[in-house]
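Student: The structure's right below; bear with me while I get my questions together.
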Amino acid sequence: MLNYYYSDTISDFLEKSTETIIGEISVNGRLGHIHTELYAWEFQISLLKDILKDFNGHLFFEFSIPRMGRRVDCILIIKNIVFVIEFKVGEKEFLNHNIEQVWDYALDLKNFHKPSHEILLVPILVATHSKKIPLEVVFTSHNDNLTNPIRTNAENLGLTIQEVINFYQSTEEINPNEYLKGSYSPTPTIIEAAISLYNNHNVEAITRNDADAINLNYTSNYISETIDYAKQNNKKVICFVTGVPGAGKTLVGLKVATEHLDKEKGNTSVFLSGNKPLVDILQEALARDKIVQEKLKGNKITKKSARESVKAFIQIIHHYRDEYLRDPKAPYDHVAIFDEAQRAWTKEQTVKFMHQKKGIANFQYSEPEFLISCLDRHEDWAVIVCLVGGGQEINTGEAGISEWLSAVKNKFEDWETRISPNLIDTEYNAQESIKELELTNKVVFEDKLHLSVSMRSFRAEYLSKFVKEILDFDENAKETLKKLNGKYPVVITRDVEKAKKWLKENARGSERYGIVVSSQAYRLKPLAIDVKTPINHVNWFLDDKDDIRSSYFLEDVATEFQVQGLELDWVCVTWDADLRYSNEGWKTYSFVGNKWQNIHKSIRKKYLINAYRVLLTRARQGMIIVVPEGNVDDHTRQPDFYSPTFNYLKSLGIEIVE
């Protein structure tokens, strides 16, 4: 249920004094910068009293949008229409970020608030002192009863509301109480979730709490209970958490980490990831938000100070490893959460790295073995949580989860192991290691350690299934695509410029869009896509539309290494000749010198297919795939390198953007 600071029928609102209304708003929690906000509310209330005299309906002031951590100035319900109104008192211009703000409010309600799914939502930006502009009510191609933002000034707000009602009025009327009580089930991005967790130590207000999503809390609570058990009984425990793609494994890890930030209780935890772009982006987002939050409290802190406090919460795994190579003492933290644990290095890769990069000639551990040994230095208790993804290995030397299990069996027999039963599935390739571990260690299988429902996209419950079926040549892909239709658009084209246009037309408000490509996509340069050009992934993911380094500009592209674990709202996947469809299966290539060469090693083939799996599952709301035409005059871009792939995707029923 959403909340508000003031609610009334229009008739009762008109009867109350401005002072009484402001008093109610203030008592319920608003009016921070007293002089500016008091003037703004006096202006808004006086204006609405003037223009609503001939209307019947209901209004709310400071209506909550929990996922955004913001409140709409006014929600006005008249007949069958919900007006989402944001006032900019004293403003003479319709600034883009203000237009996006009111649009984002309406989009959030449309996407996540059940009563808003079907009804007509009309966002209005009121720049009170602007010049009059013609009324224009525009629907986009989404067909979801959400108009583009309407711009008006204070003088014409009443006329704007009346004209919208005249045009869209029906015999139906919205019940304001039912509207307010309707379920609100958002799915935040990992960045939004991390900020909420860091600030509030919970994400309940901004995440789905329906029956499908409830096992996320079950998993988090079970891990917390395990930590309490280990501490009270001086035990050492390692947990393995599995989940379908997008189920929230990283979210569980961040949740556990934030719940154990209290240093006084002696059970502090750290979230560790080998995914440098993910860590960089989360650290920067948290640091930026911390500066904003401190400013609201009247405090001023430096970016450096903000970053240092954030680093205690989330770190790059290699920095953690190197610290305890240098320092033989037990880690400060008793709990370590390893994200994407299957990506830890094999013994061969770790020994090679330590010898070549660190100058350590006698290092004889795999990465999992060394990391467990760090926590094993504690004389009393410790807990390791391994978050395990399946089919996502994309780097040379990644060990898979069996390396962790073997390390526990061979070196740490006193550690208890708690395992998701799903770890025996073939995609994790850990069946034999589990059987061997059971011979020497205490192993507990626990259903709560598996996350079975995708939280990634509120529109695309079937997306990960569809992508798996595409890459597996599964004939069920056609039927799965039909289940996506109407909820999550998947389209294809041969023209990257048409793809860019499609992205811009479909994205609304501040919804983020961008182009992603395989790191092996070397022959997209004629399309002005140079995968060798380095990007700043922090700017690409976090900066606004006016920054040329951001994803919005559609100039720089990100690869599977920069986007794994992260999401955009709308994605263009540009498919190169490194992965080609054939009747015998996927053909995989790397570009060396002046030509494509076959990839023969099965592990490298697996990495490339997994790269496309990552790319094809990054979009929260919709995706366009570009398969270029090729060029008969270019031996590296022959049409038959691309056309079979395009024809295969077309045969599945994917709509073509001409």
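The chains in the structure tokens are called A, B, ... from first to last as shown; in each chain the residues are counted from 1, and the ligands are counted from 1 in the order shown.
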Name the residues in contact with Asp228 in chain A at a cut-off of 12 Å, using only C-alpha atoms, excluding same-chain residues fewer than 5 positions from it; report them as JSON, numbers by chain.
Tutor: {"A": [221, 222, 223, 233, 234, 235, 236, 237, 260, 265, 266, 267, 268, 334, 335, 381, 382, 383]}
Student: Pull the closest atom pair for each residue of range 415-517 of chain A that gets at most 10 Å from range 526-540 of chain A, along with the distance in Å to one decimal, counting only C-alpha atoms, ordering rows by chain and then ascending residue number, as CSV.
Tutor:
```
residue,atom,partner,partner_atom,distance
A:Asp495,CA,A:Leu527,CA,9.1
A:Val496,CA,A:Leu527,CA,7.3
A:Glu497,CA,A:Leu527,CA,9.0
A:Gly514,CA,A:Trp540,CA,8.7
A:Ile515,CA,A:Ile529,CA,9.3
A:Val516,CA,A:Val531,CA,9.6
A:Val517,CA,A:Val531,CA,7.6
```
Student: Using N, CA and C atoms, can you write the selected residues to a file as a PDB file, in the first residue's frame?
Tutor:
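The resulting file, part21.pdb, is shown below:
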```pdb
ATOM      1  N   ASP A 495      19.678  -2.985 -39.527  1.00  0.00           N
ATOM      2  CA  ASP A 495      20.169  -1.604 -39.610  1.00  0.00           C
ATOM      3  C   ASP A 495      20.351  -1.019 -38.205  1.00  0.00           C
ATOM      4  N   VAL A 496      21.582  -0.680 -37.848  1.00  0.00           N
ATOM      5  CA  VAL A 496      21.853  -0.170 -36.507  1.00  0.00           C
ATOM      6  C   VAL A 496      21.211   1.195 -36.269  1.00  0.00           C
ATOM      7  N   GLU A 497      21.071   2.010 -37.325  1.00  0.00           N
ATOM      8  CA  GLU A 497      20.433   3.315 -37.148  1.00  0.00           C
ATOM      9  C   GLU A 497      18.948   3.159 -36.825  1.00  0.00           C
ATOM     10  N   GLY A 514      21.041   1.477 -24.216  1.00  0.00           N
ATOM     11  CA  GLY A 514      22.411   1.461 -24.700  1.00  0.00           C
ATOM     12  C   GLY A 514      22.647   0.287 -25.632  1.00  0.00           C
ATOM     13  N   ILE A 515      23.822   0.278 -26.253  1.00  0.00           N
ATOM     14  CA  ILE A 515      24.217  -0.770 -27.196  1.00  0.00           C
ATOM     15  C   ILE A 515      25.237  -1.676 -26.523  1.00  0.00           C
ATOM     16  N   VAL A 516      25.007  -2.995 -26.634  1.00  0.00           N
ATOM     17  CA  VAL A 516      25.958  -3.960 -26.087  1.00  0.00           C
ATOM     18  C   VAL A 516      26.402  -4.908 -27.195  1.00  0.00           C
ATOM     19  N   VAL A 517      27.652  -5.334 -27.112  1.00  0.00           N
ATOM     20  CA  VAL A 517      28.214  -6.225 -28.136  1.00  0.00           C
ATOM     21  C   VAL A 517      29.160  -7.209 -27.471  1.00  0.00           C
TER      22      VAL A 517
END
```
Student: Quick one: residues within 10 Å of range 37-43 of chain A, only C-alpha atoms counted, chain neighbours fewer than 4 positions away excluded, as a list in words?
Tutor: Thr18, Glu19, Ile21, Ile22, Ile25, Ser26, Arg30, Leu31, Gly32, His33, Leu47, Leu48, Lys49, Phe61, Asp73, Phe87, Lys88, Val89, Gly90, Thr128 and Ala154 of chain A
Student: Nearest to Ala499 in chain A among A:Tyr179, A:Trp596, A:Tyr513, A:Tyr462, with distances taken over only C-alpha atoms: which residue is it?
Tutor: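 Nearest to Ala499 in chain A: A:Tyr513.
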Student: Just give me the gap between CA of Val444 in chain A and CA of Cys239 in chain A in Å, one decimal is fine.
Tutor: 9.4 Å
